[in-house]
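Here is the structure we will look at.
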Amino acid sequence: MDKKNKASGKQPNQTNRQVDQNKKDQQLETFRENPQEQYLTTDQGVRISDTDNSLTAGSRGPTLLEDFHFREKMTHFDHENIPERVVHARGSGAHGYFQPYDTSMTQYTKAKFLVNPGLITPVFVRFSTVVGSRGSADTVRDARGFAVKFYTQEGNYDLVGNNIAPFFIQDAIKFPDLVHAIKPDPDNEMPQASAAHDTFWDFASLVPETTHMIMWVLSDRAIPRSFRMMEGFGVHTFRFINEEGKGRFVKFHWRPLLGSHSLVWDEAQKLAGKDPDWLRRDLWEAIEKGNYPEYELAVQIVEEEDEHAFGFDLLDATKIIPEELVPLQPIGKMTLNRNPDNFFAETEQVAFHPGNLVPGIDVTNDPLLQGRLFSYLDTQLNRFTSANFTEVPINKPVCPVHNHQQNGFMRQTINKGKANYFPNSVGGGCPMMAPEAMGGYMHYMEKVEGHKIRERSESFKDHYTQASLFYHSMTEVEKKHILEAAHFELGKVESEAIRQRMIGNFAHVDLEFAQKVAEGVGIDPPTGKVAEAIKDTVKALKEKISTRKSVSESPALSMEKNKKPVLKSLKVAILAANGVNVAQVKALKEALKAQGVESEVVAKFLGMLKGADGAELKVDKSHITTASIMYDAVLVPGGKKSVEAMKKQGAAVHFLNEAFKHGKTVAALGEGVDLLAASDIKGITLATAKDGKITSDKGVVTSGASADAKAFGSAFLEQLSQFRHWQREEKDTVPA
Ligand code: HDD
């Protein structure tokens, strides 16, 4: 397996497939309403002659109660809202399908949709942020939800995961406390969609089991560039059961085929203002353009005999299984290829539940998972007020549903016959119970015994080893970003005591890290006796687990170490003004398009630019509507007049500075190099406008006017595919 590329590079076998892919779409089609060429009607189907004026007694008189159209229209509007999700309120959905690569999972699970490459299972995916309200910004620092509903032939299976592998807490009973602490304060409902306030860090500092996930949330993983470039994790250890009834532990992973990429924090914050829908728009537009997001599903399998072989407890959701200990086995690929028709009907009304299982997959005793099994149905009842939410089109299975559930608000199904109980003879005993051989779900027969007790297992008590493992597996630049994130988050905490306690927790992760955090947030760094005592605790923890399977570094955790070159669907801004070299821009655009790279011409105003030779060039975005943060790279073409004009445009120069500061590829051709020279980007080798040289220095690619265009193109694409250029020390001195 190509470790570097993370995803295995396997492809599903396309021959002999039973095309189930469209089954959900066909089902949804029966519910779709299309107004084309139709008359406006009331909900009762009566055609409406006037929807602009209420029925009144005289043209200036009061509105009449008998105006059934007014009453119906207004009532429906008044009742449009349902409660937003208590967490994960802000989300974006997409339809797609999943197909296994081969039959290799047969030995582990009898779940047909995972073992039969001829079976294509429709899916609906909802990505989300956790903390913010429905209207909050997409690019906040937060975990992202990664919830997948598989509409399998054996019923709906939901894999309700996150883009962060460990969770904050070990026991679901702490979930309300965690969520209250991280959500806006109860008195003034501030801040929105942010952990950076006293209550969250108060909780975190008092509950050290949060430390591991905190390290992930401070890392770049919490600010993904795109939902398409983000990993997903099932988080808990689940169970696979095969045809023979043998159980094994399993952890689920989603690996994006485009690789994992992130924003930088300054960019994320600015995007939250300039385009709060950044991730939603990216997902929507990619699918509209046919750049279908793809993810590989992979699993880690652990034999039951090895349950206690690790230096952590498999049932503890604040822990991961390092890939170096248990490698990932690829299962198949998910492709998202269709946007929803209606946000509310699909993305808002979809209802996930980790307890939606199919034969071959079961839960474990993980106390976080056990609590989730209660919470999701309960919360859907709050959102939908009726148990009949399962009949809503997006939630309906594509396989038959028969049972004796009945009635309730908004019941859709018309159950026939008199038998609404079991056993019955009046209905011929139907619907019947299905034995295992007929696909009846069998809970795994795990032997369980014990005293009723409120007690955390001893094996759950090491909260620092994996937090430390995560930190030490990062590259230097990733560590720096974690430090900066900690400075931001704790910097917003008013209470010195809370900041102090958090430094204490961080010191158990890495003493030097804690000292550096302390330095930025006005706290005396832990030294001397305090530091020695912490070192002893950490050493004792390590000794305790040293006899069991563990690793001291896990390169698989670092996004940088697993970076995959990417070009497809990246977006380049071409800065221009009147006098630009239009032929050059057109050639550049074509060359980029050939590699799947998008480009837009950015100028002061919308409209057409006049090139040096009189040719015209369409402007795609104006300075006021866009910014460098909306592109992955910036390019300045030649054209003396154009460059001279841009030197006087603060927005154009700022565009370059900012892209440079954010580590993006910056390039210039011919006279374009002069704009770079006029910016704050210093200490980088540049070509001169007139020579035939091409330079490539820390992601800044420049080309003299007479240089070979093809060679420039490949140098630029090579740098662009690296996504970010962290080695630029100079960026810290650039004001942007
Ligand atoms: Fe949860 C929603 C993921 C722990 C209770 N959760 C929700 C969603 C995702 C997750 C992706 C959004 C689903 C959607 O898009 O509609 N949650 C997780 C993960 C967890 C986790 C990966 C840890 C492993 N959650 C967790 C716990 C509890 C909940 C411990 C409570 C005991 N989660 C909920 C909920 C939500 C929810 C209150 C809110 C809306 C919904 O369920 O449908 O039931």
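Residue numbering restarts at 1 for every chain of the structure tokens, chains are lettered A, B, ... in their displayed order, and ligands are numbered from 1 as they appear.
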
**Study point:** Spatial neighbours of Tyr421 (chain A), 10 Å, only C-alpha atoms, chain gap at least 3 places, as a PyMOL selection string
**Key:** chain A and resi 403-405+418+424-427+429-431

Same residues, N, CA and C atoms, output as a PDB file, in the first residue's frame:
ATOM      1  N   ASN A 403     -43.571  -3.421  10.309  1.00  0.00           N
ATOM      2  CA  ASN A 403     -43.626  -3.722  11.741  1.00  0.00           C
ATOM      3  C   ASN A 403     -44.973  -3.273  12.288  1.00  0.00           C
ATOM      4  N   HIS A 404     -45.104  -3.300  13.604  1.00  0.00           N
ATOM      5  CA  HIS A 404     -46.397  -2.939  14.192  1.00  0.00           C
ATOM      6  C   HIS A 404     -46.367  -1.559  14.830  1.00  0.00           C
ATOM      7  N   GLN A 405     -45.310  -0.795  14.522  1.00  0.00           N
ATOM      8  CA  GLN A 405     -45.314   0.589  14.977  1.00  0.00           C
ATOM      9  C   GLN A 405     -46.461   1.301  14.244  1.00  0.00           C
ATOM     10  N   LYS A 418     -55.725  -5.906  10.027  1.00  0.00           N
ATOM     11  CA  LYS A 418     -56.101  -5.715  11.437  1.00  0.00           C
ATOM     12  C   LYS A 418     -54.965  -6.055  12.390  1.00  0.00           C
ATOM     13  N   ASN A 424     -49.757 -12.805  16.021  1.00  0.00           N
ATOM     14  CA  ASN A 424     -51.145 -12.685  15.578  1.00  0.00           C
ATOM     15  C   ASN A 424     -51.456 -13.861  14.676  1.00  0.00           C
ATOM     16  N   SER A 425     -52.747 -14.149  14.573  1.00  0.00           N
ATOM     17  CA  SER A 425     -53.162 -15.140  13.572  1.00  0.00           C
ATOM     18  C   SER A 425     -54.022 -14.466  12.529  1.00  0.00           C
ATOM     19  N   VAL A 426     -54.638 -13.283  12.919  1.00  0.00           N
ATOM     20  CA  VAL A 426     -55.553 -12.635  11.956  1.00  0.00           C
ATOM     21  C   VAL A 426     -54.797 -12.112  10.737  1.00  0.00           C
ATOM     22  N   GLY A 427     -53.541 -11.860  10.925  1.00  0.00           N
ATOM     23  CA  GLY A 427     -52.747 -11.393   9.776  1.00  0.00           C
ATOM     24  C   GLY A 427     -51.820 -12.491   9.270  1.00  0.00           C
ATOM     25  N   GLY A 429     -49.870 -14.163  10.951  1.00  0.00           N
ATOM     26  CA  GLY A 429     -48.586 -14.137  11.671  1.00  0.00           C
ATOM     27  C   GLY A 429     -47.579 -13.154  11.095  1.00  0.00           C
ATOM     28  N   CYS A 430     -48.051 -12.309  10.159  1.00  0.00           N
ATOM     29  CA  CYS A 430     -47.119 -11.384   9.489  1.00  0.00           C
ATOM     30  C   CYS A 430     -47.208  -9.979  10.080  1.00  0.00           C
ATOM     31  N   PRO A 431     -46.162  -9.185   9.928  1.00  0.00           N
ATOM     32  CA  PRO A 431     -44.853  -9.592   9.432  1.00  0.00           C
ATOM     33  C   PRO A 431     -44.164 -10.557  10.398  1.00  0.00           C
TER      34      PRO A 431
END

Practice item. Within 6 Å of region 505-522 of chain A, counting only C-alpha atoms, which residues show up once you throw out same-chain ones fewer than 2 positions away? Write them as a VMD selection string, please. Key: chain A and resid 464 467 to 468 487 491 502 to 503 525

Kindly save the residues from that selection, with N, CA and C atoms included, as a PDB file, in the first residue's frame.
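The resulting file, again10.pdb, is reproduced below:
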ATOM      1  N   TYR A 464      -2.538  11.243  29.309  1.00  0.00           N
ATOM      2  CA  TYR A 464      -1.493  12.069  28.690  1.00  0.00           C
ATOM      3  C   TYR A 464      -0.645  11.368  27.631  1.00  0.00           C
ATOM      4  N   ALA A 467      -1.794  12.017  24.160  1.00  0.00           N
ATOM      5  CA  ALA A 467      -1.727  13.457  23.841  1.00  0.00           C
ATOM      6  C   ALA A 467      -0.280  13.781  23.477  1.00  0.00           C
ATOM      7  N   SER A 468       0.621  13.191  24.241  1.00  0.00           N
ATOM      8  CA  SER A 468       2.043  13.390  24.032  1.00  0.00           C
ATOM      9  C   SER A 468       2.488  12.728  22.717  1.00  0.00           C
ATOM     10  N   HIS A 487      -1.929  29.720  22.111  1.00  0.00           N
ATOM     11  CA  HIS A 487      -1.804  31.138  22.486  1.00  0.00           C
ATOM     12  C   HIS A 487      -3.106  31.872  22.225  1.00  0.00           C
ATOM     13  N   GLY A 491      -5.265  32.685  25.285  1.00  0.00           N
ATOM     14  CA  GLY A 491      -5.147  34.141  25.315  1.00  0.00           C
ATOM     15  C   GLY A 491      -6.498  34.821  25.485  1.00  0.00           C
ATOM     16  N   MET A 502      -4.410  24.897  32.851  1.00  0.00           N
ATOM     17  CA  MET A 502      -4.200  24.302  31.521  1.00  0.00           C
ATOM     18  C   MET A 502      -2.712  24.097  31.238  1.00  0.00           C
ATOM     19  N   ILE A 503      -1.897  25.054  31.686  1.00  0.00           N
ATOM     20  CA  ILE A 503      -0.442  24.893  31.496  1.00  0.00           C
ATOM     21  C   ILE A 503       0.010  23.639  32.228  1.00  0.00           C
ATOM     22  N   PRO A 525       6.111  29.921  33.564  1.00  0.00           N
ATOM     23  CA  PRO A 525       6.262  28.553  33.061  1.00  0.00           C
ATOM     24  C   PRO A 525       6.639  27.580  34.176  1.00  0.00           C
TER      25      PRO A 525
END

**Study point:** Near-region 668-683 of chain A list (7 Å; only C-alpha atoms; drop same-chain fewer than 2 positions) as number ranges by chain
**Key:** A: 635-640, 643, 647, 653, 657, 685, 688-690, 701-705, 730, 734

Check your understanding: Contacts of Glu304 (chain A) at 8 Å or less, counting only C-alpha atoms, minus same-chain residues fewer than 6 places along, as a PyMOL selection string?
Key -> chain A and resi 247-249

Exercise for review: Please run DSSP on the backbone and report, as a PyMOL selection string, all residues within region 200-285 of chain A that come out as strand (DSSP E or B).
Suggested key: chain A and resi 224+232-233+238-241+247-256+262

Limited to C-alpha atoms, could you put the picked residues into a file as a PDB file, in the first residue's frame?
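Written file, out16.pdb:
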ATOM      1  CA  PRO A 224      -9.765  21.927   7.154  1.00  0.00           C
ATOM      2  CA  GLY A 232     -12.986  10.957   9.024  1.00  0.00           C
ATOM      3  CA  PHE A 233     -12.953   8.602  11.996  1.00  0.00           C
ATOM      4  CA  PHE A 238     -16.990  -1.097  17.116  1.00  0.00           C
ATOM      5  CA  ARG A 239     -17.389  -4.781  16.444  1.00  0.00           C
ATOM      6  CA  PHE A 240     -17.386  -6.789  13.219  1.00  0.00           C
ATOM      7  CA  ILE A 241     -19.108 -10.176  13.187  1.00  0.00           C
ATOM      8  CA  GLY A 247     -16.446 -11.097  16.620  1.00  0.00           C
ATOM      9  CA  ARG A 248     -13.507  -8.745  16.237  1.00  0.00           C
ATOM     10  CA  PHE A 249     -12.895  -5.158  17.283  1.00  0.00           C
ATOM     11  CA  VAL A 250     -12.873  -2.587  14.513  1.00  0.00           C
ATOM     12  CA  LYS A 251     -12.090   1.117  14.096  1.00  0.00           C
ATOM     13  CA  PHE A 252     -13.287   2.950  10.980  1.00  0.00           C
ATOM     14  CA  HIS A 253     -11.329   5.552   8.983  1.00  0.00           C
ATOM     15  CA  TRP A 254     -12.256   7.697   5.967  1.00  0.00           C
ATOM     16  CA  ARG A 255      -9.301   8.874   3.864  1.00  0.00           C
ATOM     17  CA  PRO A 256      -9.880  11.584   1.259  1.00  0.00           C
ATOM     18  CA  SER A 262      -5.821  22.688   6.103  1.00  0.00           C
TER      19      SER A 262
END

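Distances here use only C-alpha atoms and all ligand atoms; by that measure, the residue among A:Ala286, A:Val358, A:Ile394, A:Met442 closest to ligand 1 is A:Ile394.
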